[in-house]
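What follows is a short report on a single structure.
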Amino acid sequence: MTKKRIIISGPTGIGKTDLLVDLSNHLPLEVISMDSRQVYKYMDIGTAKPDPYQLMVVKHHMIDIIEPSEYFNAFLYQKQAKEVEKNIIARGKIPVYVGGTGLYIDALVKGFFEGVPRDENIRKELNKLNEQEPGILRKMLEEFDPEAASKIHPQDVKRTIRALEVYLKTGKKISELQNQSHTEDFVLIVLDTDREKLYERINFRAEKMIEHGLIEEVKELIKKYDKNIEAFKTIGYREIIDYLDGVYSLETAIHLIKRNTRHYARRQLIYLRRFKNAIRLDPLQKETKDKILEIISKTVNGEK
């Protein structure tokens, strides 16, 4: 079997799970999820996890592996996902990485530099500085490591702190260390479609989440966990928590979920543009499934 990794990515709501279920009827596939929210247990509706039928048809890995209150990052993801990949191959199956979390794709494609552990004292000081002067960490990162700043969203405080932590601890830029790490061989299929169609799908899915019990799911979660934990600061959960806290109406919460999800999908697509050799296909086109089956088969057999 080829050593090339097969990665299927695309924006949220594009239909990745449905497509893989369809593909699994033709090839012995197993999915390794690349979704940074689906790793959490009990967060099912708001993260659009595969339903029981989809999980029965095609085995999914890296879903429901930690509690919402537990710490998890891309480095841990990469280590665990690679072990899962080995196990799938050993059983004669085809591992396919599927998801839209850019940091996880980077972890698989570029690998990780090791030897720069977390430093809680540095993190504490950076967090304090950010509280005292909002926006200062972004300015520091732009000064110390412009390349890293160009890849990290201005509102992504967690990754900004990590980049500054590495620089302050080692004197080296995180972007340089990442560029020095070994690049893995991979085939990347990017799913994309007409923006209007994508946004319609996103809006429809948000409404279905409410119908399927997202509010009840959030109520149960905040009974078990602090509502301010990092896992709940994601789209769908933060808006419903604010609704339950009386910050705004349910109508406004649903509007914000739709809007924020559309914005997130746009950021995902911008991130995926950097992969110039990616194979870009529209999942709503009839011929797409056959093309992907051909790509996977050729990759597994070591063909170009």
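Ordering of the structure tokens sets the chain letters (A, B, ...); residue numbers start at 1 within each chain; ligands are numbered from 1 in the order shown.
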message: Residues near region 139-141 of chain A, anyone? I mean within 9 Å using only C-alpha atoms, not counting same-chain ones fewer than 3 positions away, as a count of residues only.
response: 11
field: All strand (DSSP E) positions in region 114-220 of chain A, as a list in words
entry: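 Strand (DSSP E) assignments inside region 114-220 of chain A correspond to Phe186, Val187, Leu188, Ile189, Val190 and Leu191 of chain A.
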Now that the selection is made, can you save its residues with all heavy atoms as an mmCIF file, in the first residue's frame?
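The file below, selection_38.cif, is the result:
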data_model
loop_
_atom_site.group_PDB
_atom_site.id
_atom_site.type_symbol
_atom_site.label_atom_id
_atom_site.label_comp_id
_atom_site.auth_asym_id
_atom_site.auth_seq_id
_atom_site.Cartn_x
_atom_site.Cartn_y
_atom_site.Cartn_z
ATOM 1 N N PHE A 186 1.400 13.312 0.436
ATOM 2 C CA PHE A 186 -0.040 13.201 0.576
ATOM 3 C C PHE A 186 -0.748 13.560 -0.731
ATOM 4 O O PHE A 186 -0.199 14.204 -1.619
ATOM 5 C CB PHE A 186 -0.537 14.132 1.687
ATOM 6 C CG PHE A 186 -0.348 15.598 1.369
ATOM 7 C CD1 PHE A 186 -1.398 16.359 0.870
ATOM 8 C CD2 PHE A 186 0.888 16.207 1.557
ATOM 9 C CE1 PHE A 186 -1.223 17.700 0.566
ATOM 10 C CE2 PHE A 186 1.078 17.551 1.246
ATOM 11 C CZ PHE A 186 0.013 18.296 0.752
ATOM 12 N N VAL A 187 -1.995 13.093 -0.813
ATOM 13 C CA VAL A 187 -2.903 13.491 -1.893
ATOM 14 C C VAL A 187 -4.051 14.222 -1.218
ATOM 15 O O VAL A 187 -4.716 13.662 -0.338
ATOM 16 C CB VAL A 187 -3.437 12.267 -2.672
ATOM 17 C CG1 VAL A 187 -4.523 12.698 -3.655
ATOM 18 C CG2 VAL A 187 -2.304 11.570 -3.415
ATOM 19 N N LEU A 188 -4.266 15.460 -1.606
ATOM 20 C CA LEU A 188 -5.313 16.270 -0.991
ATOM 21 C C LEU A 188 -6.436 16.540 -1.988
ATOM 22 O O LEU A 188 -6.207 17.106 -3.059
ATOM 23 C CB LEU A 188 -4.748 17.595 -0.486
ATOM 24 C CG LEU A 188 -5.766 18.618 0.037
ATOM 25 C CD1 LEU A 188 -6.528 18.062 1.243
ATOM 26 C CD2 LEU A 188 -5.069 19.928 0.409
ATOM 27 N N ILE A 189 -7.633 16.118 -1.620
ATOM 28 C CA ILE A 189 -8.828 16.401 -2.409
ATOM 29 C C ILE A 189 -9.620 17.477 -1.660
ATOM 30 O O ILE A 189 -9.990 17.284 -0.501
ATOM 31 C CB ILE A 189 -9.697 15.147 -2.598
ATOM 32 C CG1 ILE A 189 -8.918 14.068 -3.345
ATOM 33 C CG2 ILE A 189 -10.995 15.484 -3.333
ATOM 34 C CD1 ILE A 189 -9.595 12.708 -3.340
ATOM 35 N N VAL A 190 -9.841 18.603 -2.320
ATOM 36 C CA VAL A 190 -10.597 19.700 -1.717
ATOM 37 C C VAL A 190 -11.977 19.757 -2.346
ATOM 38 O O VAL A 190 -12.115 19.870 -3.565
ATOM 39 C CB VAL A 190 -9.876 21.057 -1.902
ATOM 40 C CG1 VAL A 190 -10.772 22.203 -1.431
ATOM 41 C CG2 VAL A 190 -8.560 21.067 -1.150
ATOM 42 N N LEU A 191 -13.004 19.660 -1.507
ATOM 43 C CA LEU A 191 -14.385 19.736 -1.982
ATOM 44 C C LEU A 191 -14.876 21.175 -1.887
ATOM 45 O O LEU A 191 -14.715 21.826 -0.857
ATOM 46 C CB LEU A 191 -15.287 18.829 -1.136
ATOM 47 C CG LEU A 191 -14.885 17.351 -1.084
ATOM 48 C CD1 LEU A 191 -15.818 16.604 -0.139
ATOM 49 C CD2 LEU A 191 -14.912 16.715 -2.465
#
Please return as a short mmCIF file (atom, residue, chain, number, x, y, z; two decimals) with N, CA, C and O atoms, in the first residue's frame: the residues of region 27-249 of chain A that backbone DSSP assigns to alpha helix (DSSP H).
data_model
loop_
_atom_site.label_atom_id
_atom_site.label_comp_id
_atom_site.auth_asym_id
_atom_site.auth_seq_id
_atom_site.Cartn_x
_atom_site.Cartn_y
_atom_site.Cartn_z
N PRO A 52 -25.75 7.59 13.82
CA PRO A 52 -25.52 6.15 14.06
C PRO A 52 -25.47 5.31 12.78
O PRO A 52 -24.66 4.38 12.68
N TYR A 53 -26.31 5.64 11.81
CA TYR A 53 -26.30 4.89 10.56
C TYR A 53 -24.98 5.08 9.83
O TYR A 53 -24.37 4.11 9.35
N GLN A 54 -24.52 6.31 9.74
CA GLN A 54 -23.26 6.60 9.04
C GLN A 54 -22.08 5.93 9.74
O GLN A 54 -21.18 5.40 9.08
N LEU A 55 -22.12 5.91 11.06
CA LEU A 55 -21.05 5.25 11.83
C LEU A 55 -21.08 3.74 11.65
O LEU A 55 -20.04 3.08 11.73
N MET A 56 -22.27 3.20 11.41
CA MET A 56 -22.40 1.76 11.20
C MET A 56 -21.87 1.38 9.81
O MET A 56 -21.21 0.35 9.65
N VAL A 57 -22.13 2.24 8.82
CA VAL A 57 -21.72 1.96 7.44
C VAL A 57 -20.21 2.08 7.26
O VAL A 57 -19.57 1.23 6.62
N ALA A 74 -3.16 20.00 18.32
CA ALA A 74 -2.83 19.37 17.04
C ALA A 74 -1.69 18.37 17.17
O ALA A 74 -1.64 17.38 16.43
N PHE A 75 -0.78 18.61 18.10
CA PHE A 75 0.33 17.68 18.30
C PHE A 75 -0.19 16.34 18.82
O PHE A 75 0.19 15.27 18.32
N LEU A 76 -1.09 16.40 19.81
CA LEU A 76 -1.68 15.18 20.33
C LEU A 76 -2.52 14.49 19.26
O LEU A 76 -2.52 13.27 19.15
N TYR A 77 -3.21 15.30 18.47
CA TYR A 77 -4.01 14.74 17.39
C TYR A 77 -3.12 13.94 16.43
O TYR A 77 -3.43 12.80 16.07
N GLN A 78 -2.03 14.55 16.00
CA GLN A 78 -1.15 13.90 15.04
C GLN A 78 -0.61 12.57 15.55
O GLN A 78 -0.62 11.56 14.84
N LYS A 79 -0.18 12.55 16.81
CA LYS A 79 0.38 11.32 17.39
C LYS A 79 -0.67 10.21 17.42
O LYS A 79 -0.40 9.08 17.03
N GLN A 80 -1.87 10.54 17.88
CA GLN A 80 -2.91 9.52 17.99
C GLN A 80 -3.41 9.08 16.61
O GLN A 80 -3.65 7.89 16.38
N ALA A 81 -3.57 10.04 15.70
CA ALA A 81 -4.09 9.72 14.37
C ALA A 81 -3.13 8.80 13.61
O ALA A 81 -3.57 7.89 12.89
N LYS A 82 -1.84 9.00 13.77
CA LYS A 82 -0.87 8.15 13.08
C LYS A 82 -0.93 6.70 13.59
O LYS A 82 -0.75 5.76 12.81
N GLU A 83 -1.17 6.55 14.88
CA GLU A 83 -1.32 5.20 15.44
C GLU A 83 -2.57 4.53 14.89
O GLU A 83 -2.56 3.34 14.55
N VAL A 84 -3.64 5.30 14.79
CA VAL A 84 -4.88 4.79 14.22
C VAL A 84 -4.66 4.38 12.76
O VAL A 84 -5.10 3.31 12.32
N GLU A 85 -3.94 5.21 12.04
CA GLU A 85 -3.65 4.93 10.62
C GLU A 85 -2.91 3.60 10.46
O GLU A 85 -3.26 2.78 9.61
N LYS A 86 -1.90 3.38 11.29
CA LYS A 86 -1.14 2.12 11.23
C LYS A 86 -2.05 0.93 11.47
O LYS A 86 -1.94 -0.11 10.81
N ASN A 87 -2.94 1.07 12.43
CA ASN A 87 -3.85 -0.02 12.78
C ASN A 87 -4.81 -0.33 11.64
O ASN A 87 -5.08 -1.50 11.34
N ILE A 88 -5.29 0.70 10.98
CA ILE A 88 -6.21 0.50 9.85
C ILE A 88 -5.50 -0.24 8.71
O ILE A 88 -6.03 -1.19 8.14
N ILE A 89 -4.28 0.18 8.40
CA ILE A 89 -3.51 -0.45 7.32
C ILE A 89 -3.20 -1.90 7.66
O ILE A 89 -3.28 -2.79 6.80
N ALA A 90 -2.88 -2.15 8.95
CA ALA A 90 -2.57 -3.52 9.38
C ALA A 90 -3.76 -4.45 9.21
O ALA A 90 -3.59 -5.66 9.04
N GLY A 102 -7.80 23.11 9.68
CA GLY A 102 -6.51 23.42 9.03
C GLY A 102 -5.31 23.04 9.86
O GLY A 102 -4.31 22.54 9.34
N LEU A 103 -5.39 23.24 11.16
CA LEU A 103 -4.26 22.93 12.04
C LEU A 103 -3.96 21.44 12.03
O LEU A 103 -2.80 21.02 12.10
N TYR A 104 -5.00 20.62 11.91
CA TYR A 104 -4.79 19.17 11.85
C TYR A 104 -4.19 18.77 10.51
O TYR A 104 -3.36 17.84 10.45
N ILE A 105 -4.59 19.43 9.44
CA ILE A 105 -4.00 19.14 8.13
C ILE A 105 -2.52 19.50 8.16
O ILE A 105 -1.67 18.73 7.69
N ASP A 106 -2.20 20.66 8.71
CA ASP A 106 -0.79 21.06 8.84
C ASP A 106 -0.01 20.03 9.64
O ASP A 106 1.14 19.69 9.31
N ALA A 107 -0.61 19.53 10.71
CA ALA A 107 0.06 18.54 11.56
C ALA A 107 0.40 17.28 10.78
O ALA A 107 1.46 16.68 10.96
N LEU A 108 -0.50 16.87 9.88
CA LEU A 108 -0.29 15.66 9.09
C LEU A 108 0.68 15.89 7.94
O LEU A 108 1.51 15.04 7.62
N VAL A 109 0.54 17.05 7.31
CA VAL A 109 1.33 17.34 6.10
C VAL A 109 2.76 17.75 6.44
O VAL A 109 3.72 17.30 5.84
N LYS A 110 2.89 18.64 7.42
CA LYS A 110 4.21 19.20 7.75
C LYS A 110 4.88 18.46 8.89
O LYS A 110 6.09 18.55 9.06
N GLU A 120 3.79 27.03 31.45
CA GLU A 120 2.61 27.64 32.05
C GLU A 120 2.89 29.05 32.56
O GLU A 120 1.99 29.92 32.55
N ASN A 121 4.11 29.33 32.98
CA ASN A 121 4.44 30.68 33.46
C ASN A 121 4.39 31.70 32.31
O ASN A 121 3.84 32.80 32.48
N ILE A 122 4.97 31.31 31.17
CA ILE A 122 4.93 32.20 30.00
C ILE A 122 3.49 32.41 29.57
O ILE A 122 3.06 33.54 29.28
N ARG A 123 2.72 31.33 29.53
CA ARG A 123 1.32 31.43 29.10
C ARG A 123 0.51 32.34 30.03
O ARG A 123 -0.31 33.13 29.59
N LYS A 124 0.78 32.20 31.34
CA LYS A 124 0.06 33.02 32.32
C LYS A 124 0.36 34.50 32.11
O LYS A 124 -0.55 35.35 32.13
N GLU A 125 1.64 34.81 31.88
CA GLU A 125 2.03 36.20 31.67
C GLU A 125 1.45 36.76 30.38
O GLU A 125 1.01 37.92 30.33
N LEU A 126 1.43 35.94 29.33
CA LEU A 126 0.87 36.40 28.05
C LEU A 126 -0.63 36.63 28.16
O LEU A 126 -1.16 37.61 27.62
N ASN A 127 -1.31 35.74 28.85
CA ASN A 127 -2.76 35.91 29.05
C ASN A 127 -3.05 37.18 29.85
O ASN A 127 -3.99 37.91 29.55
N LYS A 128 -2.24 37.43 30.88
CA LYS A 128 -2.42 38.63 31.69
C LYS A 128 -2.19 39.89 30.85
O LYS A 128 -2.94 40.86 30.94
N LEU A 129 -1.15 39.84 30.02
CA LEU A 129 -0.84 40.97 29.15
C LEU A 129 -1.98 41.23 28.18
O LEU A 129 -2.35 42.38 27.91
N ASN A 130 -2.57 40.15 27.67
CA ASN A 130 -3.68 40.28 26.72
C ASN A 130 -4.92 40.90 27.38
O ASN A 130 -5.66 41.67 26.76
N GLU A 131 -5.13 40.56 28.65
CA GLU A 131 -6.27 41.14 29.39
C GLU A 131 -6.04 42.63 29.65
O GLU A 131 -6.97 43.43 29.56
N GLN A 132 -4.80 42.99 29.96
CA GLN A 132 -4.48 44.39 30.26
C GLN A 132 -4.52 45.26 29.00
O GLN A 132 -4.93 46.42 29.05
N ILE A 136 -2.41 43.38 22.00
CA ILE A 136 -0.95 43.51 22.09
C ILE A 136 -0.23 42.24 21.64
O ILE A 136 0.84 42.30 21.04
N LEU A 137 -0.83 41.06 21.92
CA LEU A 137 -0.19 39.81 21.52
C LEU A 137 -0.08 39.70 20.01
O LEU A 137 0.92 39.21 19.48
N ARG A 138 -1.12 40.14 19.33
CA ARG A 138 -1.10 40.13 17.86
C ARG A 138 0.03 41.01 17.34
O ARG A 138 0.76 40.63 16.42
N LYS A 139 0.19 42.19 17.92
CA LYS A 139 1.26 43.11 17.50
C LYS A 139 2.62 42.49 17.75
O LYS A 139 3.54 42.61 16.94
N MET A 140 2.77 41.82 18.89
CA MET A 140 4.04 41.16 19.22
C MET A 140 4.36 40.07 18.19
O MET A 140 5.50 39.96 17.72
N LEU A 141 3.35 39.27 17.84
CA LEU A 141 3.57 38.19 16.89
C LEU A 141 3.94 38.74 15.52
O LEU A 141 4.83 38.20 14.84
N GLU A 142 3.27 39.79 15.09
CA GLU A 142 3.58 40.41 13.79
C GLU A 142 5.01 40.92 13.76
O GLU A 142 5.66 40.90 12.72
N GLU A 143 5.50 41.36 14.92
CA GLU A 143 6.88 41.86 15.00
C GLU A 143 7.90 40.72 15.06
O GLU A 143 8.89 40.72 14.34
N PHE A 144 7.63 39.72 15.91
CA PHE A 144 8.58 38.63 16.12
C PHE A 144 8.56 37.58 15.00
O PHE A 144 9.59 37.03 14.64
N PRO A 146 6.41 37.41 11.54
CA PRO A 146 5.39 37.84 10.56
C PRO A 146 4.78 36.67 9.78
O PRO A 146 3.59 36.70 9.46
N GLU A 147 5.59 35.64 9.48
CA GLU A 147 5.07 34.51 8.72
C GLU A 147 4.01 33.77 9.52
O GLU A 147 2.95 33.41 8.98
N ALA A 148 4.28 33.53 10.80
CA ALA A 148 3.28 32.87 11.64
C ALA A 148 2.03 33.73 11.76
O ALA A 148 0.90 33.23 11.72
N ALA A 149 2.22 35.05 11.89
CA ALA A 149 1.07 35.97 12.01
C ALA A 149 0.19 35.92 10.78
O ALA A 149 -1.04 36.02 10.88
N SER A 150 0.80 35.72 9.62
CA SER A 150 0.02 35.68 8.38
C SER A 150 -0.85 34.42 8.29
O SER A 150 -1.83 34.39 7.55
N LYS A 151 -0.49 33.39 9.05
CA LYS A 151 -1.22 32.12 9.01
C LYS A 151 -2.21 31.95 10.16
O LYS A 151 -3.04 31.05 10.14
N VAL A 157 -6.46 33.57 19.77
CA VAL A 157 -5.54 33.87 20.88
C VAL A 157 -4.73 32.65 21.27
O VAL A 157 -3.53 32.75 21.59
N LYS A 158 -5.34 31.47 21.22
CA LYS A 158 -4.66 30.24 21.63
C LYS A 158 -3.39 29.99 20.79
O LYS A 158 -2.31 29.76 21.33
N ARG A 159 -3.55 30.05 19.47
CA ARG A 159 -2.39 29.80 18.59
C ARG A 159 -1.38 30.95 18.65
O ARG A 159 -0.17 30.74 18.50
N THR A 160 -1.87 32.17 18.86
CA THR A 160 -0.98 33.32 19.00
C THR A 160 -0.09 33.15 20.22
O THR A 160 1.13 33.36 20.16
N ILE A 161 -0.70 32.72 21.32
CA ILE A 161 0.07 32.50 22.55
C ILE A 161 1.09 31.38 22.36
O ILE A 161 2.23 31.48 22.81
N ARG A 162 0.70 30.32 21.65
CA ARG A 162 1.64 29.21 21.42
C ARG A 162 2.85 29.69 20.61
O ARG A 162 3.99 29.36 20.94
N ALA A 163 2.59 30.48 19.57
CA ALA A 163 3.69 30.97 18.74
C ALA A 163 4.63 31.88 19.54
O ALA A 163 5.86 31.78 19.43
N LEU A 164 4.06 32.74 20.37
CA LEU A 164 4.88 33.62 21.20
C LEU A 164 5.61 32.83 22.28
O LEU A 164 6.77 33.12 22.60
N GLU A 165 4.96 31.82 22.83
CA GLU A 165 5.57 30.95 23.84
C GLU A 165 6.83 30.30 23.29
O GLU A 165 7.89 30.29 23.94
N VAL A 166 6.74 29.74 22.08
CA VAL A 166 7.90 29.10 21.45
C VAL A 166 9.03 30.12 21.24
O VAL A 166 10.19 29.83 21.53
N TYR A 167 8.67 31.29 20.76
CA TYR A 167 9.69 32.32 20.49
C TYR A 167 10.36 32.78 21.78
O TYR A 167 11.59 32.88 21.86
N LEU A 168 9.57 33.04 22.82
CA LEU A 168 10.12 33.53 24.07
C LEU A 168 10.93 32.46 24.79
O LEU A 168 11.89 32.77 25.50
N LYS A 169 10.56 31.20 24.60
CA LYS A 169 11.25 30.10 25.28
C LYS A 169 12.54 29.70 24.57
O LYS A 169 13.51 29.31 25.21
N THR A 170 12.54 29.77 23.23
CA THR A 170 13.68 29.26 22.47
C THR A 170 14.45 30.33 21.69
O THR A 170 15.58 30.08 21.26
N ILE A 174 8.36 30.07 15.45
CA ILE A 174 7.61 28.83 15.27
C ILE A 174 7.47 28.50 13.78
O ILE A 174 7.48 27.34 13.39
N SER A 175 7.39 29.53 12.93
CA SER A 175 7.25 29.29 11.49
C SER A 175 8.50 28.62 10.92
O SER A 175 8.42 27.73 10.08
N GLU A 176 9.68 29.02 11.41
CA GLU A 176 10.93 28.42 10.94
C GLU A 176 11.03 26.97 11.40
O GLU A 176 11.45 26.09 10.64
N LEU A 177 10.65 26.72 12.65
CA LEU A 177 10.71 25.35 13.18
C LEU A 177 9.74 24.45 12.42
O LEU A 177 10.06 23.30 12.12
N GLN A 178 8.57 24.98 12.10
CA GLN A 178 7.59 24.19 11.35
C GLN A 178 8.08 23.92 9.93
O GLN A 178 7.88 22.84 9.39
N ASN A 179 8.74 24.89 9.32
CA ASN A 179 9.25 24.72 7.97
C ASN A 179 10.38 23.71 7.91
O ASN A 179 10.62 23.07 6.88
N GLN A 180 11.10 23.55 9.04
CA GLN A 180 12.21 22.60 9.10
C GLN A 180 11.72 21.17 9.30
O GLN A 180 12.43 20.22 9.04
N ARG A 195 -20.79 29.23 -4.00
CA ARG A 195 -20.96 29.82 -2.67
C ARG A 195 -22.42 29.85 -2.23
O ARG A 195 -22.75 29.56 -1.08
N GLU A 196 -23.29 30.23 -3.14
CA GLU A 196 -24.71 30.33 -2.78
C GLU A 196 -25.25 28.97 -2.34
O GLU A 196 -25.97 28.87 -1.35
N LYS A 197 -24.86 27.91 -3.06
CA LYS A 197 -25.32 26.57 -2.69
C LYS A 197 -24.73 26.16 -1.33
O LYS A 197 -25.43 25.56 -0.51
N LEU A 198 -23.45 26.47 -1.13
CA LEU A 198 -22.81 26.12 0.14
C LEU A 198 -23.50 26.83 1.29
O LEU A 198 -23.80 26.21 2.32
N TYR A 199 -23.75 28.12 1.14
CA TYR A 199 -24.37 28.88 2.21
C TYR A 199 -25.80 28.42 2.48
O TYR A 199 -26.26 28.43 3.62
N GLU A 200 -26.50 27.99 1.44
CA GLU A 200 -27.84 27.42 1.63
C GLU A 200 -27.77 26.15 2.48
O GLU A 200 -28.60 25.93 3.37
N ARG A 201 -26.78 25.32 2.19
CA ARG A 201 -26.60 24.08 2.95
C ARG A 201 -26.28 24.39 4.41
O ARG A 201 -26.78 23.73 5.33
N ILE A 202 -25.43 25.38 4.63
CA ILE A 202 -25.04 25.77 5.99
C ILE A 202 -26.26 26.28 6.77
O ILE A 202 -26.49 25.90 7.91
N ASN A 203 -27.03 27.14 6.14
CA ASN A 203 -28.23 27.69 6.80
C ASN A 203 -29.23 26.59 7.14
O ASN A 203 -29.81 26.56 8.23
N PHE A 204 -29.43 25.68 6.19
CA PHE A 204 -30.37 24.57 6.40
C PHE A 204 -29.89 23.69 7.54
O PHE A 204 -30.69 23.26 8.40
N ARG A 205 -28.58 23.41 7.58
CA ARG A 205 -28.05 22.53 8.63
C ARG A 205 -28.21 23.17 10.01
O ARG A 205 -28.51 22.48 10.99
N ALA A 206 -28.02 24.49 10.10
CA ALA A 206 -28.19 25.18 11.38
C ALA A 206 -29.62 25.04 11.90
O ALA A 206 -29.84 24.79 13.09
N GLU A 207 -30.57 25.16 11.00
CA GLU A 207 -31.98 25.02 11.39
C GLU A 207 -32.27 23.58 11.85
O GLU A 207 -33.01 23.36 12.82
N LYS A 208 -31.69 22.62 11.14
CA LYS A 208 -31.89 21.21 11.51
C LYS A 208 -31.27 20.90 12.88
O LYS A 208 -31.80 20.08 13.63
N MET A 209 -30.14 21.54 13.19
CA MET A 209 -29.51 21.32 14.50
C MET A 209 -30.46 21.73 15.63
O MET A 209 -30.56 21.04 16.66
N ILE A 210 -31.14 22.85 15.44
CA ILE A 210 -32.10 23.30 16.44
C ILE A 210 -33.25 22.31 16.54
O ILE A 210 -33.65 21.89 17.64
N GLU A 211 -33.77 21.88 15.40
CA GLU A 211 -34.87 20.91 15.38
C GLU A 211 -34.48 19.59 16.04
O GLU A 211 -35.29 18.94 16.70
N LEU A 214 -30.39 20.80 19.62
CA LEU A 214 -29.15 21.47 20.03
C LEU A 214 -29.31 22.19 21.37
O LEU A 214 -28.42 22.15 22.22
N ILE A 215 -30.45 22.84 21.57
CA ILE A 215 -30.66 23.58 22.81
C ILE A 215 -30.63 22.63 24.01
O ILE A 215 -29.98 22.89 25.02
N GLU A 216 -31.30 21.50 23.87
CA GLU A 216 -31.32 20.50 24.95
C GLU A 216 -29.91 19.94 25.19
O GLU A 216 -29.52 19.70 26.34
N GLU A 217 -29.18 19.73 24.10
CA GLU A 217 -27.80 19.22 24.23
C GLU A 217 -26.95 20.20 25.03
O GLU A 217 -26.20 19.79 25.94
N VAL A 218 -27.06 21.48 24.72
CA VAL A 218 -26.27 22.49 25.43
C VAL A 218 -26.69 22.57 26.89
O VAL A 218 -25.83 22.66 27.79
N LYS A 219 -27.98 22.50 27.17
CA LYS A 219 -28.46 22.54 28.56
C LYS A 219 -27.84 21.40 29.38
O LYS A 219 -27.42 21.59 30.53
N GLU A 220 -27.80 20.21 28.80
CA GLU A 220 -27.22 19.05 29.49
C GLU A 220 -25.72 19.23 29.70
O GLU A 220 -25.18 18.87 30.75
N LEU A 221 -25.05 19.79 28.71
CA LEU A 221 -23.60 19.96 28.80
C LEU A 221 -23.23 20.95 29.90
O LEU A 221 -22.28 20.73 30.65
N ILE A 222 -23.96 22.06 29.98
CA ILE A 222 -23.58 23.07 30.98
C ILE A 222 -24.01 22.68 32.40
O ILE A 222 -23.64 23.33 33.36
N LYS A 223 -24.77 21.59 32.50
CA LYS A 223 -25.03 21.01 33.83
C LYS A 223 -23.81 20.25 34.32
O LYS A 223 -23.53 20.18 35.51
N LYS A 224 -23.07 19.65 33.36
CA LYS A 224 -21.91 18.81 33.69
C LYS A 224 -20.60 19.58 33.75
O LYS A 224 -19.68 19.22 34.48
N TYR A 237 -22.39 26.42 20.03
CA TYR A 237 -22.46 26.30 21.49
C TYR A 237 -22.43 27.67 22.16
O TYR A 237 -23.24 27.94 23.06
N ARG A 238 -21.51 28.53 21.71
CA ARG A 238 -21.45 29.84 22.39
C ARG A 238 -22.72 30.65 22.15
O ARG A 238 -23.18 31.36 23.04
N GLU A 239 -23.30 30.54 20.95
CA GLU A 239 -24.52 31.30 20.65
C GLU A 239 -25.71 30.80 21.48
O GLU A 239 -26.50 31.60 21.98
N ILE A 240 -25.83 29.48 21.62
CA ILE A 240 -26.93 28.92 22.41
C ILE A 240 -26.74 29.22 23.90
O ILE A 240 -27.71 29.50 24.62
N ILE A 241 -25.51 29.18 24.38
CA ILE A 241 -25.25 29.54 25.77
C ILE A 241 -25.64 30.99 26.02
O ILE A 241 -26.28 31.32 27.03
N ASP A 242 -25.29 31.87 25.09
CA ASP A 242 -25.68 33.29 25.24
C ASP A 242 -27.20 33.44 25.21
O ASP A 242 -27.78 34.24 25.95
N TYR A 243 -27.87 32.65 24.37
CA TYR A 243 -29.34 32.68 24.33
C TYR A 243 -29.91 32.23 25.67
O TYR A 243 -30.81 32.87 26.24
N LEU A 244 -29.37 31.16 26.23
CA LEU A 244 -29.85 30.65 27.52
C LEU A 244 -29.56 31.62 28.65
O LEU A 244 -30.29 31.67 29.64
#
message: When you count only C-alpha atoms, which of these residues is closest to Met43 (chain A): A:Ile63, A:Ile94, A:Leu256, A:Val300?
response: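 Once distances to Met43 (chain A) are computed over only C-alpha atoms, the minimum belongs to A:Ile63.
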message: Set the distance at 9 Å and use only C-alpha atoms: which residues neighbour region 267-271 of chain A once local chain neighbours fewer than 3 positions away are removed? I'd like the list as a list in words.
response: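 So, after excluding close chain neighbours, the residues are Gly10, Pro11, Thr12, Gly100, Thr101, Gly102, Lys151, His153, Val190, Asp192, Arg262, His263, Tyr264, Arg274 and Phe275 of chain A.
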Among the residues A:Thr252, A:Gln285, A:Thr261, A:Gln38, the one that comes closest to Ile65 (chain A) [using only C-alpha atoms]: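 Closest residue, counting only C-alpha atoms: A:Gln38.
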message: For a test of reading the model, state the distance in Å between CA of Asn73 (chain A) and CA of Gly236 (chain A), rounded to one decimal.
response: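 Pair CA of Asn73 (chain A) / CA of Gly236 (chain A) returns 20.5 Å.
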message: Please report the interatomic distance between CA of Pro95 (chain A) and CA of Tyr40 (chain A) in Å with one decimal.
response: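 So the answer is 21.2 Å.
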- prompt: In Å, with one decimal, what is the gap from CA of Tyr97 (chain A) to CA of Glu30 (chain A)?
  reply: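 That distance, rounded to one decimal, is 8.6 Å.
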8 Å contact set for region 293-297 of chain A, only C-alpha atoms, chain neighbours under 6 positions out, as an MDAnalysis selection string: chainID A and resid 6 23 26:27
With all heavy atoms retained, export the selected residues as a CSV table (one decimal), in the first residue's frame.
chain,number,residue,atom,x,y,z
A,6,ILE,N,-4.1,10.0,2.2
A,6,ILE,CA,-5.2,10.5,1.4
A,6,ILE,C,-6.0,11.4,2.3
A,6,ILE,O,-6.5,11.0,3.4
A,6,ILE,CB,-6.1,9.3,0.9
A,6,ILE,CG1,-5.3,8.4,0.0
A,6,ILE,CG2,-7.3,9.9,0.2
A,6,ILE,CD1,-6.0,7.0,-0.3
A,23,LEU,N,-18.7,6.5,-0.7
A,23,LEU,CA,-17.5,5.9,-1.2
A,23,LEU,C,-17.2,4.5,-0.5
A,23,LEU,O,-16.7,3.6,-1.2
A,23,LEU,CB,-16.3,6.8,-0.9
A,23,LEU,CG,-16.3,8.1,-1.7
A,23,LEU,CD1,-15.2,9.0,-1.2
A,23,LEU,CD2,-16.2,7.9,-3.2
A,26,HIS,N,-18.0,1.2,-2.1
A,26,HIS,CA,-17.1,0.7,-3.2
A,26,HIS,C,-15.7,0.3,-2.8
A,26,HIS,O,-15.1,-0.5,-3.5
A,26,HIS,CB,-17.1,1.8,-4.3
A,26,HIS,CG,-18.4,2.3,-4.7
A,26,HIS,ND1,-19.1,1.6,-5.7
A,26,HIS,CD2,-19.2,3.3,-4.3
A,26,HIS,CE1,-20.3,2.2,-5.9
A,26,HIS,NE2,-20.4,3.2,-5.0
A,27,LEU,N,-15.2,0.9,-1.7
A,27,LEU,CA,-13.8,0.6,-1.2
A,27,LEU,C,-13.8,0.3,0.3
A,27,LEU,O,-14.7,0.9,1.0
A,27,LEU,CB,-12.9,1.8,-1.6
A,27,LEU,CG,-12.6,2.0,-3.0
A,27,LEU,CD1,-11.8,3.3,-3.2
A,27,LEU,CD2,-11.7,0.9,-3.6
